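**Student:** You'll find protein37.cif just under this line, and it carries mmCIF, C-alpha atoms, pLDDT in the B column; chains and numbers go by the auth columns.
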data_work
#
loop_
_atom_site.group_PDB
_atom_site.id
_atom_site.type_symbol
_atom_site.label_atom_id
_atom_site.label_comp_id
_atom_site.label_asym_id
_atom_site.label_seq_id
_atom_site.Cartn_x
_atom_site.Cartn_y
_atom_site.Cartn_z
_atom_site.B_iso_or_equiv
_atom_site.auth_seq_id
_atom_site.auth_asym_id
ATOM 1 C CA MET A 1 -64.821 -41.611 46.396 61.00 69 A
ATOM 2 C CA ASN A 2 -61.284 -40.295 46.534 79.00 70 A
ATOM 3 C CA THR A 3 -59.050 -40.666 43.547 93.00 71 A
ATOM 4 C CA ALA A 4 -55.411 -41.634 43.862 96.00 72 A
ATOM 5 C CA ILE A 5 -53.097 -39.155 42.183 98.00 73 A
ATOM 6 C CA LEU A 6 -49.831 -40.566 40.860 98.00 74 A
ATOM 7 C CA ILE A 7 -47.195 -38.144 39.628 98.00 75 A
ATOM 8 C CA ILE A 8 -44.662 -39.790 37.328 98.00 76 A
ATOM 9 C CA ALA A 9 -41.900 -37.341 36.412 98.00 77 A
ATOM 10 C CA HIS A 10 -38.183 -36.924 36.011 98.00 78 A
ATOM 11 C CA THR A 11 -36.204 -36.909 39.267 98.00 79 A
ATOM 12 C CA PRO A 12 -36.815 -34.966 41.571 98.00 80 A
ATOM 13 C CA LEU A 13 -39.926 -33.280 40.189 98.00 81 A
ATOM 14 C CA ALA A 14 -42.520 -35.876 41.227 98.00 82 A
ATOM 15 C CA SER A 15 -41.402 -35.903 44.872 98.00 83 A
ATOM 16 C CA ALA A 16 -41.014 -32.131 44.944 98.00 84 A
ATOM 17 C CA LEU A 17 -44.560 -31.598 43.667 98.00 85 A
ATOM 18 C CA ARG A 18 -45.915 -34.109 46.187 98.00 86 A
ATOM 19 C CA ASP A 19 -44.064 -32.312 48.993 98.00 87 A
ATOM 20 C CA CYS A 20 -45.546 -28.975 47.893 98.00 88 A
ATOM 21 C CA ALA A 21 -49.045 -30.466 47.809 98.00 89 A
ATOM 22 C CA GLY A 22 -48.443 -31.782 51.315 97.00 90 A
ATOM 23 C CA HIS A 23 -47.590 -28.274 52.467 97.00 91 A
ATOM 24 C CA VAL A 24 -50.993 -27.014 51.280 97.00 92 A
ATOM 25 C CA PHE A 25 -53.105 -30.145 51.902 96.00 93 A
ATOM 26 C CA PRO A 26 -51.346 -32.193 54.617 96.00 94 A
ATOM 27 C CA ASP A 27 -54.528 -34.149 55.368 95.00 95 A
ATOM 28 C CA ARG A 28 -54.888 -35.341 51.747 93.00 96 A
ATOM 29 C CA LEU A 29 -51.329 -36.481 51.110 94.00 97 A
ATOM 30 C CA ASN A 30 -52.209 -40.156 51.654 94.00 98 A
ATOM 31 C CA ASP A 31 -53.858 -40.207 48.209 95.00 99 A
ATOM 32 C CA VAL A 32 -50.943 -38.539 46.385 98.00 100 A
ATOM 33 C CA TYR A 33 -48.049 -40.686 45.170 98.00 101 A
ATOM 34 C CA ALA A 34 -44.791 -39.771 43.464 98.00 102 A
ATOM 35 C CA LEU A 35 -42.598 -41.799 41.180 98.00 103 A
ATOM 36 C CA ASP A 36 -39.322 -40.096 40.319 98.00 104 A
ATOM 37 C CA VAL A 37 -37.795 -41.488 37.134 98.00 105 A
ATOM 38 C CA ASP A 38 -34.007 -41.567 37.353 97.00 106 A
ATOM 39 C CA PRO A 39 -31.947 -41.173 34.157 95.00 107 A
ATOM 40 C CA ASP A 40 -30.690 -44.758 34.360 96.00 108 A
ATOM 41 C CA MET A 41 -34.107 -46.316 35.146 96.00 109 A
ATOM 42 C CA SER A 42 -35.478 -48.482 32.342 96.00 110 A
ATOM 43 C CA PRO A 43 -39.040 -47.997 31.099 96.00 111 A
ATOM 44 C CA GLU A 44 -39.821 -51.561 32.183 97.00 112 A
ATOM 45 C CA THR A 45 -38.680 -50.888 35.752 97.00 113 A
ATOM 46 C CA THR A 46 -40.588 -47.612 35.811 97.00 114 A
ATOM 47 C CA LEU A 47 -43.762 -49.361 34.623 97.00 115 A
ATOM 48 C CA GLU A 48 -43.350 -52.070 37.250 97.00 116 A
ATOM 49 C CA LEU A 49 -42.948 -49.469 40.011 97.00 117 A
ATOM 50 C CA ALA A 50 -45.934 -47.472 38.759 97.00 118 A
ATOM 51 C CA ARG A 51 -48.150 -50.561 38.725 95.00 119 A
ATOM 52 C CA ALA A 52 -47.040 -51.435 42.261 96.00 120 A
ATOM 53 C CA ILE A 53 -47.927 -47.936 43.490 96.00 121 A
ATOM 54 C CA GLN A 54 -51.305 -48.105 41.800 92.00 122 A
ATOM 55 C CA VAL A 55 -52.120 -51.462 43.402 92.00 123 A
ATOM 56 C CA ARG A 56 -50.851 -50.291 46.794 93.00 124 A
ATOM 57 C CA SER A 57 -53.091 -47.209 46.660 93.00 125 A
ATOM 58 C CA GLY A 58 -56.207 -49.403 46.547 91.00 126 A
ATOM 59 C CA ALA A 59 -58.086 -46.588 44.810 93.00 127 A
ATOM 60 C CA GLN A 60 -60.910 -47.249 42.385 92.00 128 A
ATOM 61 C CA GLN A 61 -59.807 -44.260 40.280 95.00 129 A
ATOM 62 C CA THR A 62 -56.334 -42.984 39.471 96.00 130 A
ATOM 63 C CA LEU A 63 -55.288 -39.694 37.938 97.00 131 A
ATOM 64 C CA LEU A 64 -51.814 -39.987 36.442 98.00 132 A
ATOM 65 C CA MET A 65 -49.797 -36.814 35.965 98.00 133 A
ATOM 66 C CA SER A 66 -46.554 -36.637 34.009 98.00 134 A
ATOM 67 C CA ASP A 67 -44.166 -33.841 33.225 97.00 135 A
ATOM 68 C CA ILE A 68 -43.399 -33.993 29.489 96.00 136 A
ATOM 69 C CA CYS A 69 -45.480 -35.560 26.738 96.00 137 A
ATOM 70 C CA GLY A 70 -43.379 -38.075 24.818 95.00 138 A
ATOM 71 C CA ALA A 71 -40.750 -38.585 27.517 96.00 139 A
ATOM 72 C CA THR A 72 -40.271 -41.821 29.466 96.00 140 A
ATOM 73 C CA PRO A 73 -42.538 -40.888 32.425 97.00 141 A
ATOM 74 C CA CYS A 74 -45.414 -40.076 30.068 97.00 142 A
ATOM 75 C CA ASN A 75 -44.805 -43.114 27.873 97.00 143 A
ATOM 76 C CA VAL A 76 -44.911 -45.355 30.937 97.00 144 A
ATOM 77 C CA ALA A 77 -48.063 -43.658 32.239 97.00 145 A
ATOM 78 C CA GLN A 78 -49.779 -44.185 28.886 96.00 146 A
ATOM 79 C CA LYS A 79 -49.400 -47.941 29.365 96.00 147 A
ATOM 80 C CA LEU A 80 -51.473 -47.702 32.553 95.00 148 A
ATOM 81 C CA ILE A 81 -54.460 -45.877 31.036 93.00 149 A
ATOM 82 C CA ASN A 82 -57.584 -47.956 30.778 85.00 150 A
ATOM 83 C CA GLY A 83 -59.960 -45.158 29.759 79.00 151 A
ATOM 84 C CA ARG A 84 -62.486 -45.769 32.540 83.00 152 A
ATOM 85 C CA SER A 85 -60.889 -45.329 35.930 93.00 153 A
ATOM 86 C CA ILE A 86 -57.329 -44.291 35.012 95.00 154 A
ATOM 87 C CA LYS A 87 -56.676 -41.017 33.180 96.00 155 A
ATOM 88 C CA LEU A 88 -53.474 -39.177 32.289 97.00 156 A
ATOM 89 C CA VAL A 89 -52.670 -35.485 31.998 98.00 157 A
ATOM 90 C CA THR A 90 -49.246 -34.221 30.990 97.00 158 A
ATOM 91 C CA GLY A 91 -47.446 -30.965 31.623 97.00 159 A
ATOM 92 C CA VAL A 92 -48.002 -31.229 35.356 98.00 160 A
ATOM 93 C CA ASN A 93 -47.429 -28.071 37.355 98.00 161 A
ATOM 94 C CA LEU A 94 -48.182 -27.110 40.931 98.00 162 A
ATOM 95 C CA PRO A 95 -51.486 -25.269 40.272 98.00 163 A
ATOM 96 C CA MET A 96 -52.705 -28.325 38.328 98.00 164 A
ATOM 97 C CA LEU A 97 -51.769 -30.673 41.146 98.00 165 A
ATOM 98 C CA LEU A 98 -53.312 -28.495 43.855 98.00 166 A
ATOM 99 C CA ARG A 99 -56.565 -28.281 41.919 98.00 167 A
ATOM 100 C CA ALA A 100 -56.596 -32.057 41.469 97.00 168 A
ATOM 101 C CA VAL A 101 -55.936 -32.677 45.153 97.00 169 A
ATOM 102 C CA SER A 102 -58.636 -30.263 46.248 96.00 170 A
ATOM 103 C CA TYR A 103 -61.243 -31.932 43.990 96.00 171 A
ATOM 104 C CA SER A 104 -60.038 -35.542 44.317 95.00 172 A
ATOM 105 C CA CYS A 105 -63.482 -36.697 45.505 94.00 173 A
ATOM 106 C CA GLU A 106 -65.094 -35.896 42.142 95.00 174 A
ATOM 107 C CA PRO A 107 -65.572 -38.454 39.341 95.00 175 A
ATOM 108 C CA ILE A 108 -62.442 -39.000 37.260 95.00 176 A
ATOM 109 C CA ASP A 109 -63.642 -37.109 34.156 95.00 177 A
ATOM 110 C CA ALA A 110 -64.583 -34.049 36.202 96.00 178 A
ATOM 111 C CA LEU A 111 -61.276 -34.275 38.041 97.00 179 A
ATOM 112 C CA VAL A 112 -59.357 -34.261 34.760 97.00 180 A
ATOM 113 C CA SER A 113 -61.215 -31.100 33.694 97.00 181 A
ATOM 114 C CA ARG A 114 -60.495 -29.431 37.028 97.00 182 A
ATOM 115 C CA ALA A 115 -56.800 -30.343 36.836 98.00 183 A
ATOM 116 C CA LEU A 116 -56.453 -28.995 33.294 97.00 184 A
ATOM 117 C CA ALA A 117 -58.205 -25.765 34.255 97.00 185 A
ATOM 118 C CA GLY A 118 -55.977 -25.335 37.296 97.00 186 A
ATOM 119 C CA GLY A 119 -52.864 -25.914 35.219 96.00 187 A
ATOM 120 C CA THR A 120 -53.735 -23.392 32.539 96.00 188 A
ATOM 121 C CA GLN A 121 -55.232 -20.783 34.868 96.00 189 A
ATOM 122 C CA GLY A 122 -52.077 -20.928 36.973 94.00 190 A
ATOM 123 C CA ILE A 123 -50.001 -19.590 34.064 93.00 191 A
ATOM 124 C CA MET A 124 -50.093 -15.825 33.497 93.00 192 A
ATOM 125 C CA THR A 125 -47.905 -12.828 32.830 93.00 193 A
ATOM 126 C CA MET A 126 -47.347 -10.529 35.792 89.00 194 A
ATOM 127 C CA ALA A 127 -46.213 -6.914 35.932 86.00 195 A
ATOM 128 C CA ALA A 128 -42.820 -6.195 37.448 82.00 196 A
ATOM 129 C CA THR A 129 -44.502 -4.214 40.213 75.00 197 A
ATOM 130 C CA ALA A 130 -48.058 -3.951 41.402 66.00 198 A
ATOM 131 C CA PRO A 131 -50.031 -1.246 39.507 64.00 199 A
ATOM 132 C CA GLN A 132 -50.547 0.836 42.650 66.00 200 A
ATOM 133 C CA GLU A 133 -46.757 0.983 43.127 60.00 201 A
ATOM 134 C CA GLN A 134 -45.871 2.043 39.582 56.00 202 A
ATOM 135 C CA LYS A 135 -44.507 5.549 39.251 60.00 203 A
ATOM 136 C CA LYS A 136 -46.665 8.068 37.474 59.00 204 A
ATOM 137 C CA PHE A 137 -45.101 9.775 34.495 55.00 205 A
ATOM 138 C CA ALA A 138 -46.210 13.098 33.048 53.00 206 A
ATOM 139 C CA HIS A 139 -47.423 11.502 29.835 52.00 207 A
ATOM 140 C CA ALA A 140 -49.304 8.827 31.762 49.00 208 A
ATOM 141 C CA GLN A 141 -51.822 11.382 33.017 50.00 209 A
ATOM 142 C CA GLU A 142 -53.062 11.941 29.478 51.00 210 A
ATOM 143 C CA HIS A 143 -53.396 8.214 28.856 48.00 211 A
ATOM 144 C CA ARG A 144 -56.231 6.901 30.996 47.00 212 A
ATOM 145 C CA ASP A 145 -56.095 3.109 31.234 46.00 213 A
ATOM 146 C CA HIS A 146 -58.286 1.675 33.930 44.00 214 A
ATOM 147 C CA GLN A 147 -57.233 -1.473 35.697 43.00 215 A
ATOM 148 C CA GLN A 148 -59.659 -3.668 37.519 41.00 216 A
#
As a first step, turn the structure in this file into structure tokens.

**Tutor:**
Amino acid sequence: MNTAILIIAHTPLASALRDCAGHVFPDRLNDVYALDVDPDMSPETTLELARAIQVRSGAQQTLLMSDICGATPCNVAQKLINGRSIKLVTGVNLPMLLRAVSYSCEPIDALVSRALAGGTQGIMTMAATAPQEQKKFAHAQEHRDHQQ
């Protein structure tokens, strides 16, 4: 059973994330929907559009993803949650979306866990250069840190 994924976010983030997911998973894009919320769009209009997308998807399960908790896209998405077949995660990012798309055939609760893991695991601090390219300094030879 595939789950519909509906991204509700401030313009143009929802469409941009959907386009990126399509670049990685072009064969699964039919189950991913985007609703860009324009600054002048009322919450009522946004809710109406979101409900129409959900009905049009025909999916038995829907994972809603929004950008910022407490903002209009998230507030609208909260009105769609029914606790059984519609779940919401906020703070959507590309790793979260890609994880959700790749596991969209799992039950909704497992899919939520996968999406959250993908979102958090996709955030990390990186070195300015790869360790093998860093210059060796005289004092660095005395300090033996091992990287794995």

**Student:** Here is a test: counting all atoms listed in the file, which residue of A:Ser83, A:Asn161, A:Thr197, A:Ser134 is nearest to Ala185 (chain A)?

**Tutor:** A:Asn161

**Student:** Suppose you want the space between CA of Arg86 (chain A) and CA of Thr188 (chain A); what is it in Å?

**Tutor:**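 CA of Thr188 (chain A) lies 19.0 Å from CA of Arg86 (chain A).
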
**Student:** Which residues, written as a list of chain:residue names, have at least one atom at most 10 Å from Arg96 (chain A), with only C-alpha atoms counted and residues fewer than 4 positions away on the same chain left out?

**Tutor:**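 Neighbouring residues, sequence-local ones excluded: A:Asn70, A:Ala89, A:Gly90, A:Val92, A:Val100, A:Val169, A:Ser170, A:Ser172.
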
**Student:** CA of Ala139 (chain A) to CA of Gly159 (chain A): how many Å, to one decimal?

**Tutor:** 10.9 Å

**Student:** Looking at A:Ser110, A:Asn150, A:Thr71, A:Asn143, which one is nearest to Ala168 (chain A), with distances taken over only C-alpha atoms?

**Tutor:**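 Under the stated criterion, the closest residue is A:Thr71.
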
**Student:** Considering all atoms listed in the file, state which residue in the set A:Val157, A:Ile149, A:Val123, A:Met194 is at the smallest distance from Ser181 (chain A).

**Tutor:** A:Val157

**Student:** Within 12 Å of (-49.0, -42.2, 38.2) in the file's own coordinates, which protein, DNA or RNA residues have an atom, counting only C-alpha atoms? List them as a ChimeraX atom specification.

**Tutor:** /A:71-77,82-83,86,99-105,114-125,129-135,141-149,154-158,160

**Student:** Smallest atom-to-atom distance to Ile176 (chain A): which of A:Leu162, A:Ala84, A:Ile191, A:Ala127, using all atoms listed in the file?

**Tutor:**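 Once distances to Ile176 (chain A) are computed over all atoms listed in the file, the minimum belongs to A:Ala127.
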
**Student:** Find the distance between CA of Asn98 (chain A) and CA of Gly186 (chain A) and write it in Å to one decimal.

**Tutor:** 21.0 Å

**Student:** What would the selection look like, as a list of chain:residue names, if the PyMOL selection byres ((chain A and resi 107) around 8) were run on the coordinates I just shared?

**Tutor:**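 When the PyMOL selection byres ((chain A and resi 107) around 8) is applied to the shown file, the picked residues are A:His78, A:Thr79, A:Val105, A:Asp106, A:Asp108, A:Met109.
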
**Student:** Give the answer as one residue: which of A:Asp177, A:Leu81, A:Leu165, A:Pro94 has the shortest atom-to-atom distance to Arg152 (chain A), using only C-alpha atoms?

**Tutor:**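 Ranking A:Asp177, A:Leu81, A:Leu165, A:Pro94 by distance to Arg152 (chain A), first place goes to A:Asp177.
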